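What follows is query20.cif (mmCIF, C-alpha atoms and all ligand atoms).
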data_query
loop_
_atom_site.group_PDB
_atom_site.id
_atom_site.type_symbol
_atom_site.label_atom_id
_atom_site.label_comp_id
_atom_site.auth_asym_id
_atom_site.auth_seq_id
_atom_site.Cartn_x
_atom_site.Cartn_y
_atom_site.Cartn_z
ATOM 1 C CA MET A 1 -102.104 34.574 173.940
ATOM 2 C CA SER A 2 -101.524 30.841 173.737
ATOM 3 C CA CYS A 3 -100.363 29.013 176.840
ATOM 4 C CA LEU A 4 -98.918 25.498 176.816
ATOM 5 C CA PHE A 5 -100.485 24.437 180.113
ATOM 6 C CA CYS A 6 -103.889 25.960 179.241
ATOM 7 C CA GLU A 7 -103.806 23.792 176.115
ATOM 8 C CA ILE A 8 -102.828 20.752 178.180
ATOM 9 C CA VAL A 9 -105.675 21.439 180.634
ATOM 10 C CA GLU A 10 -108.113 21.794 177.707
ATOM 11 C CA GLY A 11 -106.794 18.552 176.171
ATOM 12 C CA SER A 12 -105.681 20.082 172.873
ATOM 13 C CA ILE A 13 -102.094 19.066 173.714
ATOM 14 C CA PRO A 14 -101.775 15.499 175.006
ATOM 15 C CA SER A 15 -100.538 14.711 178.497
ATOM 16 C CA THR A 16 -100.542 11.795 180.910
ATOM 17 C CA ALA A 17 -103.183 12.627 183.504
ATOM 18 C CA VAL A 18 -102.462 11.750 187.127
ATOM 19 C CA TYR A 19 -105.385 13.452 188.887
ATOM 20 C CA GLN A 20 -108.002 16.071 188.111
ATOM 21 C CA ASP A 21 -110.870 17.913 189.730
ATOM 22 C CA GLU A 22 -112.806 21.122 189.161
ATOM 23 C CA GLN A 23 -109.893 23.321 190.266
ATOM 24 C CA CYS A 24 -106.749 21.582 189.093
ATOM 25 C CA TYR A 25 -105.190 19.161 186.635
ATOM 26 C CA ALA A 26 -102.148 17.023 187.463
ATOM 27 C CA PHE A 27 -100.035 15.325 184.808
ATOM 28 C CA ALA A 28 -96.669 13.673 184.291
ATOM 29 C CA ASP A 29 -93.730 15.968 183.513
ATOM 30 C CA ILE A 30 -92.430 15.307 179.996
ATOM 31 C CA HIS A 31 -88.795 15.514 181.208
ATOM 32 C CA PRO A 32 -88.953 13.811 184.618
ATOM 33 C CA GLN A 33 -86.219 14.804 187.080
ATOM 34 C CA ALA A 34 -87.050 11.929 189.436
ATOM 35 C CA PRO A 35 -88.826 8.550 189.131
ATOM 36 C CA GLU A 36 -92.032 10.379 190.051
ATOM 37 C CA HIS A 37 -92.386 13.908 188.637
ATOM 38 C CA VAL A 38 -95.895 15.302 188.512
ATOM 39 C CA LEU A 39 -97.054 18.847 187.719
ATOM 40 C CA ILE A 40 -100.162 20.146 189.468
ATOM 41 C CA THR A 41 -101.658 23.161 187.739
ATOM 42 C CA PRO A 42 -104.809 25.227 188.207
ATOM 43 C CA ARG A 43 -107.385 24.948 185.423
ATOM 44 C CA GLU A 44 -107.595 28.740 185.314
ATOM 45 C CA HIS A 45 -104.672 30.635 183.839
ATOM 46 C CA ILE A 46 -102.473 32.245 186.488
ATOM 47 C CA GLY A 47 -99.060 33.186 185.133
ATOM 48 C CA SER A 48 -96.973 32.597 188.228
ATOM 49 C CA LEU A 49 -97.027 32.386 192.009
ATOM 50 C CA ALA A 50 -95.943 36.018 191.829
ATOM 51 C CA ASP A 51 -99.204 36.882 190.029
ATOM 52 C CA CYS A 52 -101.473 35.400 192.706
ATOM 53 C CA ILE A 53 -103.909 37.655 194.504
ATOM 54 C CA GLU A 54 -105.395 37.364 197.982
ATOM 55 C CA GLY A 55 -108.417 35.577 196.550
ATOM 56 C CA ASP A 56 -106.158 32.747 195.378
ATOM 57 C CA HIS A 57 -105.428 31.546 198.964
ATOM 58 C CA ALA A 58 -107.784 28.601 198.785
ATOM 59 C CA LEU A 59 -106.615 27.552 195.331
ATOM 60 C CA LEU A 60 -102.975 27.628 196.451
ATOM 61 C CA GLY A 61 -103.849 25.480 199.453
ATOM 62 C CA HIS A 62 -105.697 23.085 197.183
ATOM 63 C CA LEU A 63 -102.651 22.686 194.917
ATOM 64 C CA LEU A 64 -100.456 21.772 197.905
ATOM 65 C CA TRP A 65 -103.088 19.473 199.351
ATOM 66 C CA THR A 66 -103.382 17.758 195.965
ATOM 67 C CA ALA A 67 -99.594 17.299 195.784
ATOM 68 C CA ALA A 68 -99.667 15.574 199.178
ATOM 69 C CA GLN A 69 -102.583 13.353 198.130
ATOM 70 C CA ILE A 70 -100.793 12.297 194.935
ATOM 71 C CA ALA A 71 -97.595 11.592 196.903
ATOM 72 C CA HIS A 72 -99.620 9.399 199.251
ATOM 73 C CA ALA A 73 -101.355 7.624 196.360
ATOM 74 C CA LYS A 74 -97.992 6.948 194.712
ATOM 75 C CA GLY A 75 -96.633 5.469 197.924
ATOM 76 C CA LEU A 76 -93.869 8.026 198.452
ATOM 77 C CA THR A 77 -93.600 7.050 202.099
ATOM 78 C CA ASN A 78 -89.879 7.863 202.285
ATOM 79 C CA GLY A 79 -90.471 11.516 201.406
ATOM 80 C CA TYR A 80 -90.746 13.780 198.422
ATOM 81 C CA ARG A 81 -90.277 17.404 197.404
ATOM 82 C CA VAL A 82 -92.742 20.059 196.293
ATOM 83 C CA VAL A 83 -91.344 22.976 194.283
ATOM 84 C CA VAL A 84 -92.785 26.119 192.737
ATOM 85 C CA ASN A 85 -90.436 27.980 190.407
ATOM 86 C CA ALA A 86 -91.435 31.632 190.034
ATOM 87 C CA GLY A 87 -90.048 34.049 187.500
ATOM 88 C CA GLU A 88 -86.735 34.170 185.721
ATOM 89 C CA ASP A 89 -84.469 33.821 188.766
ATOM 90 C CA GLY A 90 -86.720 31.060 190.061
ATOM 91 C CA GLY A 91 -86.144 29.055 186.892
ATOM 92 C CA GLN A 92 -89.747 29.156 185.704
ATOM 93 C CA THR A 93 -89.945 28.146 182.042
ATOM 94 C CA VAL A 94 -93.727 27.750 181.550
ATOM 95 C CA ASP A 95 -95.711 30.851 182.469
ATOM 96 C CA HIS A 96 -98.745 29.083 183.936
ATOM 97 C CA LEU A 97 -98.577 28.434 187.681
ATOM 98 C CA HIS A 98 -97.674 24.849 188.563
ATOM 99 C CA VAL A 99 -96.436 22.844 191.510
ATOM 100 C CA HIS A 100 -93.764 20.193 190.914
ATOM 101 C CA LEU A 101 -94.037 16.975 192.928
ATOM 102 C CA LEU A 102 -90.749 15.020 192.843
ATOM 103 C CA GLY A 103 -90.078 11.706 194.521
ATOM 104 C CA GLY A 104 -88.780 8.190 194.274
ATOM 105 C CA ARG A 105 -85.115 9.014 194.903
ATOM 106 C CA PRO A 106 -83.142 10.993 197.496
ATOM 107 C CA LEU A 107 -83.082 14.674 196.498
ATOM 108 C CA THR A 108 -80.121 16.898 197.312
ATOM 109 C CA TRP A 109 -80.141 20.389 198.789
ATOM 110 C CA PRO A 110 -79.504 23.200 197.957
ATOM 111 C CA PRO A 111 -80.951 23.188 194.443
ATOM 112 C CA GLY A 112 -78.927 24.781 191.658
HETATM 113 P P1 LIG B 201 -90.833 25.227 185.264
HETATM 114 O O1 LIG B 201 -89.429 25.235 184.725
HETATM 115 O O2 LIG B 201 -90.929 25.250 186.754
HETATM 116 O O3 LIG B 201 -91.674 26.296 184.596
HETATM 117 O O4 LIG B 201 -91.434 23.813 184.863
HETATM 118 C C1 LIG B 201 -91.969 23.537 183.613
HETATM 119 C C2 LIG B 201 -92.012 22.039 183.487
HETATM 120 O O5 LIG B 201 -92.899 21.713 182.422
HETATM 121 C C3 LIG B 201 -90.668 21.387 183.153
HETATM 122 O O6 LIG B 201 -90.323 20.462 184.170
HETATM 123 C C4 LIG B 201 -90.925 20.712 181.807
HETATM 124 O O7 LIG B 201 -90.258 19.466 181.695
HETATM 125 C C5 LIG B 201 -92.426 20.552 181.824
HETATM 126 N N1 LIG B 201 -93.048 20.477 180.515
HETATM 127 C C6 LIG B 201 -92.828 21.276 179.439
HETATM 128 N N2 LIG B 201 -93.602 20.921 178.415
HETATM 129 C C7 LIG B 201 -94.360 19.867 178.853
HETATM 130 C C8 LIG B 201 -95.368 19.054 178.247
HETATM 131 N N3 LIG B 201 -95.783 19.250 176.972
HETATM 132 N N4 LIG B 201 -95.914 18.066 178.990
HETATM 133 C C9 LIG B 201 -95.510 17.851 180.259
HETATM 134 N N5 LIG B 201 -94.574 18.607 180.897
HETATM 135 C C10 LIG B 201 -94.003 19.591 180.194
HETATM 136 ZN ZN ZN B 202 -102.251 29.058 180.963
#

Output the structure of this file as structure tokens.
Amino acid sequence: MSCLFCEIVEGSIPSTAVYQDEQCYAFADIHPQAPEHVLITPREHIGSLADCIEGDHALLGHLLWTAAQIAHAKGLTNGYRVVVNAGEDGGQTVDHLHVHLLGGRPLTWPPG
């Protein structure tokens, strides 16, 4: 089964890389919702946060840690938001786990 973000991680679909290591790949969102909008995704295919297993603890921590490091590198000293949409009600549209990092403007709450 083809997966958009697996193809982005592999490089067969182009993206603007922000950061990468052996566990994750971070790239610019194609439809940014804020001046800074980065997606941090595991290299391995995991469909959703809801599909994670106990053995994914460290990977999930790494994705959050990476989001914070990117926010720091981008100078988002006034704050930022990290979001994971999961499943239909969560508004997930790409079925490969990813963390959104949004910053560079004040963000309202609650989300829609
Ligand atoms: P979600 O709705 O949480 O599943 O987020 C999916 C995100 O992927 C959306 O913010 C899209 O704008 C983004 N997106 C979809 N296709 C691409 C692409 N080819 N390159 C970069 N971001 C993408
Ligand atoms: Zn995938």

- Name the closest residue to Leu4 (chain A) among the candidates A:Val94, A:Leu39, A:Cys52, A:Leu101; distances are taken between atoms, counting all atoms listed in the file.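 Result for the nearest residue to Leu4 (chain A): A:Val94.
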
Show me, as JSON lines, the residues of chain A having an atom within 6 Å of ligand LIG 201 (chain B), each with the closest atom pair and its distance in Å, using all atoms listed in the file.
{"residue": "A:Ser15", "atom": "CA", "partner": "B:LIG201", "partner_atom": "N4", "distance": 5.7}
{"residue": "A:Ala28", "atom": "CA", "partner": "B:LIG201", "partner_atom": "C9", "distance": 5.9}
{"residue": "A:Asp29", "atom": "CA", "partner": "B:LIG201", "partner_atom": "N5", "distance": 3.8}
{"residue": "A:Ile30", "atom": "CA", "partner": "B:LIG201", "partner_atom": "C9", "distance": 4.0}
{"residue": "A:His31", "atom": "CA", "partner": "B:LIG201", "partner_atom": "O7", "distance": 4.2}
{"residue": "A:Asn85", "atom": "CA", "partner": "B:LIG201", "partner_atom": "O2", "distance": 4.6}
{"residue": "A:Gly91", "atom": "CA", "partner": "B:LIG201", "partner_atom": "O1", "distance": 5.5}
{"residue": "A:Gln92", "atom": "CA", "partner": "B:LIG201", "partner_atom": "O3", "distance": 3.6}
{"residue": "A:Thr93", "atom": "CA", "partner": "B:LIG201", "partner_atom": "O3", "distance": 3.6}
{"residue": "A:Val94", "atom": "CA", "partner": "B:LIG201", "partner_atom": "O3", "distance": 4.0}

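Straight-line separation from CA of His45 (chain A) to CA of Ala26 (chain A): 14.3 Å.
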
- Reference answer for the PyMOL selection byres (((not hetatm)) within 8 of (chain B and resi 202)), as a VMD selection string: chain A and resid 2 to 7 43 to 47 95 to 97

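If you measure from each of A:Gly90, A:Arg81, A:Gln23, A:His100 to Asp56 (chain A) using all atoms listed in the file, the closest one turns out to be A:Gln23.
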
- Message: Need to verify the contact set: region 57-71 of chain A, 12 Å, all atoms listed in the file, exclusion of same-chain residues closer than 6 positions in sequence. Can you return it as a PyMOL selection string?
- Response: chain A and resi 17-28+36-44+46+48-51+77-84+97-104

- Go ahead and compute the interatomic distance for CA of Ile53 (chain A) and CA of Asp89 (chain A), in Å to one decimal.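 The value is 20.6 Å.
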
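A straight line drawn from CA of Leu76 (chain A) to CA of Glu10 (chain A) is 28.7 Å long.
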
- Task: Could you check which of A:Ala86, A:Gly55, A:Ala34, A:Ala73 is closest to Arg105 (chain A), using all atoms listed in the file?
- Result: A:Ala34
